[in-house]
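**Student:** Dropping in my_file_17.tsv, which is TSV, C-alpha atoms:
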chain	number	residue	atom	x	y	z
A	1	MET	CA	38.34	81.81	109.17
A	2	ALA	CA	39.10	81.47	105.45
A	3	PHE	CA	40.47	78.16	104.22
A	4	TYR	CA	43.76	79.68	103.04
A	5	GLU	CA	44.55	80.52	106.68
A	6	THR	CA	44.27	76.92	107.85
A	7	MET	CA	45.51	74.78	104.96
A	8	LYS	CA	48.56	72.62	105.69
A	9	LEU	CA	51.73	73.45	103.74
A	10	GLU	CA	54.54	70.95	103.26
A	11	LYS	CA	57.50	70.51	100.94
A	12	GLY	CA	55.90	67.39	99.46
A	13	MET	CA	53.66	69.73	97.46
A	14	TYR	CA	56.64	70.31	95.15
A	15	ASN	CA	56.77	66.63	94.24
A	16	VAL	CA	53.29	66.24	92.72
A	17	SER	CA	53.85	64.83	89.23
A	18	GLY	CA	53.02	67.23	86.41
A	19	LYS	CA	52.04	70.09	88.70
A	20	SER	CA	53.84	73.09	90.09
A	21	PHE	CA	53.60	74.18	93.72
A	22	SER	CA	51.28	77.02	92.71
A	23	GLN	CA	49.01	74.65	90.79
A	24	VAL	CA	48.73	72.39	93.81
A	25	LEU	CA	47.80	75.38	95.98
A	26	GLU	CA	45.20	76.52	93.46
A	27	GLU	CA	43.55	73.10	93.45
A	28	LEU	CA	43.30	73.14	97.24
A	29	ASP	CA	42.32	76.81	97.48
A	30	PRO	CA	40.76	78.00	94.17
A	31	SER	CA	40.93	81.72	93.46
A	32	ARG	CA	37.35	81.69	92.17
A	33	ASN	CA	36.19	81.33	95.76
A	34	TYR	CA	37.48	84.83	96.53
A	35	ILE	CA	35.68	86.75	93.78
A	36	GLY	CA	34.02	89.79	95.33
A	37	THR	CA	36.21	89.75	98.43
A	38	GLU	CA	39.23	91.84	99.39
A	39	LEU	CA	41.44	88.94	98.28
A	40	GLU	CA	40.18	88.98	94.69
A	41	GLY	CA	43.11	89.32	92.31
A	42	LEU	CA	45.50	87.31	94.46
A	43	ASP	CA	46.44	83.77	93.49
A	44	ALA	CA	46.72	80.94	96.01
A	45	TYR	CA	50.44	81.53	96.55
A	46	GLN	CA	49.97	85.26	97.16
A	47	ARG	CA	47.26	84.49	99.70
A	48	GLN	CA	49.76	82.32	101.57
A	49	LEU	CA	52.22	85.22	101.63
A	50	LYS	CA	49.45	87.33	103.15
A	51	ARG	CA	48.66	84.58	105.65
A	52	PHE	CA	52.22	84.65	107.01
A	53	ASP	CA	52.53	88.43	106.55
A	54	ILE	CA	55.50	88.12	104.17
A	55	LYS	CA	56.09	91.28	102.14
A	56	VAL	CA	58.27	90.61	99.09
A	57	SER	CA	58.46	94.21	97.82
A	58	GLY	CA	57.66	97.78	98.73
A	59	GLU	CA	58.76	100.13	101.48
A	60	ASN	CA	58.26	97.55	104.24
A	61	CYS	CA	59.79	94.65	102.32
A	62	ASP	CA	60.83	91.77	104.57
A	63	THR	CA	64.19	90.03	104.70
A	64	VAL	CA	64.87	86.49	103.52
A	65	GLU	CA	64.68	85.09	107.05
A	66	ARG	CA	60.99	86.03	107.22
A	67	PHE	CA	60.18	82.95	105.17
A	68	PHE	CA	61.72	80.73	107.84
A	69	GLN	CA	59.63	81.83	110.81
A	70	THR	CA	57.80	78.46	110.70
A	71	THR	CA	58.22	75.18	108.86
A	72	GLU	CA	55.07	75.91	106.85
A	73	SER	CA	56.13	79.39	105.75
A	74	ALA	CA	59.54	77.95	104.81
A	75	ALA	CA	57.73	75.78	102.25
A	76	LEU	CA	56.87	78.99	100.36
A	77	PHE	CA	60.49	79.98	99.77
A	78	PRO	CA	61.33	77.71	96.78
A	79	GLU	CA	58.29	79.07	94.95
A	80	PHE	CA	59.48	82.62	95.63
A	81	VAL	CA	62.82	81.73	94.05
A	82	SER	CA	61.10	80.06	91.09
A	83	ARG	CA	58.81	83.02	90.45
A	84	ALA	CA	61.62	85.56	90.59
A	85	VAL	CA	63.73	83.54	88.16
A	86	GLN	CA	60.71	83.17	85.84
A	87	GLN	CA	60.19	86.94	85.90
A	88	GLY	CA	63.76	87.37	84.66
A	89	ILE	CA	63.12	84.81	81.93
A	90	ASP	CA	59.92	86.51	80.82
A	91	ARG	CA	61.47	89.99	80.70
A	92	ALA	CA	64.45	88.92	78.58
A	93	ASN	CA	62.70	86.26	76.50
A	94	HIS	CA	62.86	86.74	72.72
A	95	LEU	CA	62.48	83.05	71.91
A	96	SER	CA	58.82	83.58	71.08
A	97	ASP	CA	59.95	85.68	68.08
A	98	MET	CA	61.97	82.73	66.75
A	99	ILE	CA	59.78	79.67	67.27
A	100	ALA	CA	56.48	78.43	65.85
A	101	THR	CA	55.34	76.35	68.82
A	102	VAL	CA	56.44	74.88	72.16
A	103	THR	CA	56.37	71.14	72.78
A	104	ARG	CA	56.86	69.85	76.32
A	105	ILE	CA	58.35	66.37	76.54
A	106	ASP	CA	59.51	64.07	79.32
A	107	ALA	CA	62.55	62.51	77.68
A	108	SER	CA	66.23	63.13	77.00
A	109	ASP	CA	65.77	63.35	73.22
A	110	TYR	CA	63.07	64.24	70.69
A	111	ARG	CA	62.17	63.27	67.14
A	112	THR	CA	60.89	66.11	64.99
A	113	VAL	CA	58.68	65.89	61.91
A	114	THR	CA	59.05	67.36	58.45
A	115	ALA	CA	56.61	68.19	55.66
A	116	THR	CA	57.56	67.80	51.99
A	117	ASN	CA	55.42	69.00	49.10
A	118	GLY	CA	55.08	66.79	46.06
A	119	SER	CA	54.77	67.92	42.46
A	120	GLY	CA	51.79	70.04	41.51
A	121	VAL	CA	51.56	71.94	44.81
A	122	GLY	CA	50.54	75.52	44.11
A	123	SER	CA	48.63	74.73	40.93
A	124	ALA	CA	44.95	74.11	40.30
A	125	VAL	CA	43.83	70.48	39.87
A	126	THR	CA	41.93	69.60	36.76
A	127	GLU	CA	38.94	67.29	36.83
A	128	GLY	CA	39.79	63.61	37.21
A	129	ASN	CA	43.35	64.17	38.41
A	130	ALA	CA	44.72	63.42	41.86
A	131	LEU	CA	45.37	66.15	44.39
A	132	PRO	CA	49.05	67.00	45.00
A	133	GLU	CA	50.55	65.45	48.10
A	134	THR	CA	52.15	66.94	51.21
A	135	VAL	CA	54.06	64.17	52.96
A	136	ILE	CA	54.50	64.48	56.74
A	137	GLN	CA	57.02	62.10	58.29
A	138	ASN	CA	59.44	61.71	61.17
A	139	GLN	CA	62.94	63.07	60.80
A	140	ALA	CA	65.71	60.50	60.59
A	141	SER	CA	67.84	61.69	63.51
A	142	LEU	CA	66.86	62.32	67.12
A	143	VAL	CA	67.44	65.76	68.61
A	144	ASN	CA	69.30	65.66	71.92
A	145	MET	CA	67.81	67.82	74.65
A	146	LYS	CA	70.10	70.28	76.46
A	147	LYS	CA	69.70	71.63	79.97
A	148	HIS	CA	70.20	75.24	81.06
A	149	GLY	CA	70.03	76.32	84.67
A	150	ARG	CA	71.89	77.58	87.71
A	151	LEU	CA	72.88	76.08	91.04
A	152	ILE	CA	72.58	78.79	93.70
A	153	LYS	CA	75.25	78.30	96.33
A	154	SER	CA	75.07	80.46	99.44
A	155	SER	CA	75.01	80.18	103.21
A	156	TYR	CA	71.88	81.14	105.12
A	157	GLU	CA	73.93	83.71	107.01
A	158	ALA	CA	74.83	85.44	103.75
A	159	LEU	CA	71.19	85.89	102.77
A	160	ARG	CA	69.05	86.04	105.91
A	161	PHE	CA	69.27	89.80	106.49
A	162	HIS	CA	68.98	90.86	102.85
A	163	LYS	CA	65.70	92.35	101.67
A	164	LEU	CA	63.59	90.06	99.53
A	165	ASP	CA	63.31	92.62	96.72
A	166	LEU	CA	67.13	92.81	96.49
A	167	PHE	CA	67.39	89.02	96.44
A	168	ALA	CA	64.72	88.94	93.73
A	169	VAL	CA	66.85	91.25	91.56
A	170	MET	CA	69.67	88.70	91.65
A	171	LEU	CA	67.24	85.88	90.86
A	172	ARG	CA	65.76	87.77	87.92
A	173	GLN	CA	69.27	88.30	86.58
A	174	ILE	CA	69.81	84.53	86.75
A	175	GLY	CA	66.59	84.03	84.78
A	176	ALA	CA	67.71	86.52	82.15
A	177	GLU	CA	71.07	84.73	81.79
A	178	ILE	CA	69.34	81.36	81.38
A	179	VAL	CA	67.02	82.56	78.64
A	180	ARG	CA	69.93	84.21	76.81
A	181	GLU	CA	71.67	80.82	76.79
A	182	GLN	CA	68.52	79.28	75.33
A	183	LEU	CA	68.40	82.04	72.72
A	184	VAL	CA	71.97	81.22	71.63
A	185	GLU	CA	71.03	77.54	71.48
A	186	ALA	CA	68.00	78.28	69.29
A	187	ALA	CA	70.06	80.47	66.96
A	188	THR	CA	72.70	77.72	66.71
A	189	VAL	CA	70.04	75.20	65.66
A	190	LEU	CA	68.73	77.59	63.01
A	191	TYR	CA	72.25	78.12	61.70
A	192	ASN	CA	73.58	74.55	61.87
A	193	GLY	CA	70.37	72.51	61.85
A	194	ASP	CA	69.33	69.88	64.38
A	195	GLY	CA	71.27	66.97	62.85
A	196	ASN	CA	68.71	66.24	60.12
A	197	ASN	CA	70.45	67.95	57.20
A	198	ASN	CA	68.33	71.08	57.65
A	199	ALA	CA	70.85	73.84	58.29
A	200	ALA	CA	70.00	77.31	57.03
A	201	ALA	CA	71.43	78.48	53.71
A	202	LYS	CA	74.41	80.77	54.30
A	203	THR	CA	75.76	83.80	52.46
A	204	THR	CA	79.10	85.32	53.44
A	205	LEU	CA	79.49	89.09	53.15
A	206	LYS	CA	82.90	90.64	52.55
A	207	ALA	CA	81.89	93.93	54.14
A	208	ALA	CA	79.22	95.38	56.41
A	209	PRO	CA	75.67	94.50	55.30
A	210	THR	CA	73.96	96.88	52.91
A	211	TYR	CA	70.32	97.60	52.21
A	212	SER	CA	70.60	95.48	49.05
A	213	ASP	CA	71.82	92.57	51.18
A	214	LEU	CA	68.75	92.87	53.38
A	215	LEU	CA	66.43	93.02	50.36
A	216	SER	CA	68.09	89.90	49.00
A	217	LEU	CA	67.59	88.15	52.35
A	218	TRP	CA	63.97	89.28	52.46
A	219	GLY	CA	63.40	87.78	49.01
A	220	THR	CA	65.02	84.42	49.76
A	221	VAL	CA	62.67	83.60	52.65
A	222	ALA	CA	59.51	83.99	50.51
A	223	PRO	CA	56.77	82.81	50.83
A	224	PHE	CA	57.53	83.23	54.54
A	225	GLU	CA	57.63	86.62	56.22
A	226	LEU	CA	60.90	88.14	57.40
A	227	ASN	CA	59.89	89.54	60.79
A	228	THR	CA	62.88	88.85	63.04
A	229	LEU	CA	66.59	89.59	62.69
A	230	ILE	CA	69.13	87.93	64.99
A	231	ALA	CA	72.43	89.76	65.07
A	232	SER	CA	75.39	90.54	67.28
A	233	THR	CA	75.71	94.02	68.77
A	234	ALA	CA	78.41	94.89	66.24
A	235	THR	CA	76.24	93.79	63.32
A	236	MET	CA	73.22	95.68	64.68
A	237	LYS	CA	75.35	98.84	64.75
A	238	ASP	CA	76.21	98.25	61.09
A	239	LEU	CA	72.55	97.71	60.22
A	240	LEU	CA	71.39	100.84	62.02
A	241	SER	CA	74.05	102.83	60.17
A	242	ILE	CA	72.47	102.01	56.80
A	243	THR	CA	70.96	105.14	55.27
A	244	GLU	CA	67.51	103.60	54.84
A	245	PHE	CA	67.37	102.83	58.56
A	246	LYS	CA	67.81	106.51	59.34
A	247	ASP	CA	64.42	107.34	57.85
A	248	ALA	CA	62.76	110.06	59.92
A	249	VAL	CA	59.53	108.12	60.52
A	250	ALA	CA	61.45	105.03	61.60
A	251	GLY	CA	63.51	107.23	63.89
A	252	LEU	CA	60.43	108.72	65.52
A	253	ASN	CA	59.06	105.25	66.12
A	254	PHE	CA	62.32	104.16	67.78
A	255	GLN	CA	62.51	107.30	69.92
A	256	GLY	CA	58.87	107.11	70.88
A	257	THR	CA	58.50	103.40	71.60
A	258	GLY	CA	62.01	101.97	71.90
A	259	ASN	CA	61.19	99.48	69.13
A	260	ILE	CA	63.68	99.47	66.26
A	261	GLY	CA	61.75	99.76	63.02
A	262	THR	CA	63.00	98.60	59.63
A	263	PRO	CA	62.50	100.10	56.16
A	264	MET	CA	60.76	96.85	55.20
Before we go any further, please render this structure as structure tokens.

**Tutor:**
Amino acid sequence: MAFYETMKLEKGMYNVSGKSFSQVLEELDPSRNYIGTELEGLDAYQRQLKRFDIKVSGENCDTVERFFQTTESAALFPEFVSRAVQQGIDRANHLSDMIATVTRIDASDYRTVTATNGSGVGSAVTEGNALPETVIQNQASLVNMKKHGRLIKSSYEALRFHKLDLFAVMLRQIGAEIVREQLVEAATVLYNGDGNNNAAAKTTLKAAPTYSDLLSLWGTVAPFELNTLIASTATMKDLLSITEFKDAVAGLNFQGTGNIGTPM
């Protein structure tokens, strides 16, 4: 009998500091041990679903109550919820287009850093002279962390007979809503700054944006690359109505891939 069929599951596995439930399972039952077997390709959590014969999708998808056939199988349910929510986050996540890096912290606030170039940066240094300086230092003000999430409130009776794939759809929608809130928060920080006098420069347009406005914006961000536009639906409609955005090649790209191209 394989180890995954006999390992003891308990809710305390969710309380291991710095590790998720899936990571705890993987440490106890590494996937590398199943290379070359019929279970290759499944992670430790998926092997536990197989152990208890829980089908989370497909024609013979089980209902929610299937998780609660034993106390051990019930320990798998929170991870099912977490994974479904994470799928919704991943599918709707555009934060990666806006950020340079991700820093994980265990605190209620965070102090960022800033880099300032001194005189002479960008020019060659003649013999005997000092190199120009780039000063890296902490920002003056702390950045307060904000929480985004959902409390799911439901009775067991309301969920027990629903198929798991239907329940997962609702959970993925929750994940998508959470990441959209984070997207708004990120855009707000770009627009207003994080409290360290670093808000973005603003230009107010009296009418719908034109191609010249976009060229001007493209020029102001140099030497950085303009590769992401954040806009409301109404503004995107104005942008896509610009003549240059109706270029035939750009149109074919949009129709063929679903990705909106730009004339830049």

**Student:** Residues around (69.6, 88.6, 106.7), cut-off 12 Å, counting all atoms listed in the file - what are they as a list in words?

**Tutor:** Asp62, Thr63, Val64, Glu65, Arg66, Phe67, Phe68, Ser155, Tyr156, Glu157, Ala158, Leu159, Arg160, Phe161, His162, Lys163, Leu164, Leu166 and Phe167 of chain A

**Student:** Extract, using all atoms listed in the file, all DNA, RNA and protein residues at most 9 Å from segment 74-80 of chain A, discarding same-chain residues fewer than 6 positions from it, and format them as an MDAnalysis selection string.

**Tutor:** chainID A and resid 9:11 13:14 20:22 45 48:49 56 64 66:68 168

**Student:** Please produce a file of those selected residues containing C-alpha atoms, as an mmCIF file, in the frame of the given file.

**Tutor:**
data_model
loop_
_atom_site.group_PDB
_atom_site.id
_atom_site.type_symbol
_atom_site.label_atom_id
_atom_site.label_comp_id
_atom_site.auth_asym_id
_atom_site.auth_seq_id
_atom_site.Cartn_x
_atom_site.Cartn_y
_atom_site.Cartn_z
ATOM 1 C CA LEU A 9 51.730 73.450 103.740
ATOM 2 C CA GLU A 10 54.540 70.950 103.260
ATOM 3 C CA LYS A 11 57.500 70.510 100.940
ATOM 4 C CA MET A 13 53.660 69.730 97.460
ATOM 5 C CA TYR A 14 56.640 70.310 95.150
ATOM 6 C CA SER A 20 53.840 73.090 90.090
ATOM 7 C CA PHE A 21 53.600 74.180 93.720
ATOM 8 C CA SER A 22 51.280 77.020 92.710
ATOM 9 C CA TYR A 45 50.440 81.530 96.550
ATOM 10 C CA GLN A 48 49.760 82.320 101.570
ATOM 11 C CA LEU A 49 52.220 85.220 101.630
ATOM 12 C CA VAL A 56 58.270 90.610 99.090
ATOM 13 C CA VAL A 64 64.870 86.490 103.520
ATOM 14 C CA ARG A 66 60.990 86.030 107.220
ATOM 15 C CA PHE A 67 60.180 82.950 105.170
ATOM 16 C CA PHE A 68 61.720 80.730 107.840
ATOM 17 C CA ALA A 168 64.720 88.940 93.730
#

**Student:** Each residue of segment 182-220 of chain A lying at most 12 Å from segment 90-107 of chain A should get a row with its shortest atom-to-atom pair and the distance in Å to one decimal, counting all atoms listed in the file; could you produce that, ordered by chain and increasing number, as JSON lines?

**Tutor:**
{"residue": "A:Gln182", "atom": "CA", "partner": "A:Leu95", "partner_atom": "CA", "distance": 7.9}
{"residue": "A:Leu183", "atom": "CA", "partner": "A:Leu95", "partner_atom": "CA", "distance": 6.1}
{"residue": "A:Val184", "atom": "CA", "partner": "A:Leu95", "partner_atom": "CA", "distance": 9.7}
{"residue": "A:Glu185", "atom": "CA", "partner": "A:Leu95", "partner_atom": "CA", "distance": 10.2}
{"residue": "A:Ala186", "atom": "CA", "partner": "A:Leu95", "partner_atom": "CA", "distance": 7.8}
{"residue": "A:Ala187", "atom": "CA", "partner": "A:Met98", "partner_atom": "CA", "distance": 8.4}
{"residue": "A:Thr188", "atom": "CA", "partner": "A:Met98", "partner_atom": "CA", "distance": 11.8}
{"residue": "A:Val189", "atom": "CA", "partner": "A:Met98", "partner_atom": "CA", "distance": 11.1}
{"residue": "A:Leu190", "atom": "CA", "partner": "A:Met98", "partner_atom": "CA", "distance": 9.3}

**Student:** Write to file, as a PDB file, in the frame of the given file, the residues of the selection just made, with C-alpha atoms.

**Tutor:**
ATOM      1  CA  GLN A 182      68.520  79.280  75.330  1.00  0.00           C
ATOM      2  CA  LEU A 183      68.400  82.040  72.720  1.00  0.00           C
ATOM      3  CA  VAL A 184      71.970  81.220  71.630  1.00  0.00           C
ATOM      4  CA  GLU A 185      71.030  77.540  71.480  1.00  0.00           C
ATOM      5  CA  ALA A 186      68.000  78.280  69.290  1.00  0.00           C
ATOM      6  CA  ALA A 187      70.060  80.470  66.960  1.00  0.00           C
ATOM      7  CA  THR A 188      72.700  77.720  66.710  1.00  0.00           C
ATOM      8  CA  VAL A 189      70.040  75.200  65.660  1.00  0.00           C
ATOM      9  CA  LEU A 190      68.730  77.590  63.010  1.00  0.00           C
TER      10      LEU A 190
END

**Student:** What's the separation between atom CA of Met7 of chain A and atom CA of Arg51 of chain A, in Å to one decimal place?

**Tutor:**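 Atom CA of Arg51 of chain A lies 10.3 Å from atom CA of Met7 of chain A.
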
**Student:** One number please: atom CA of Ser119 of chain A to atom CA of Gln137 of chain A, in Å, one decimal.

**Tutor:**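 Atom-to-atom, atom CA of Ser119 of chain A and atom CA of Gln137 of chain A are spaced 17.0 Å apart.
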
**Student:** Which residue out of A:Leu25, A:Ala200, A:Ile89, A:Val121 has the minimum interatomic distance to Gln46 of chain A when all atoms listed in the file are used?

**Tutor:**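 Once distances to Gln46 of chain A are computed over all atoms listed in the file, the minimum belongs to A:Leu25.
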
**Student:** Record the distance separating atom CA of Glu26 of chain A and atom CA of Ala44 of chain A, expressed in Å with one decimal.

**Tutor:**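 Going from atom CA of Glu26 of chain A over to atom CA of Ala44 of chain A covers 5.3 Å.
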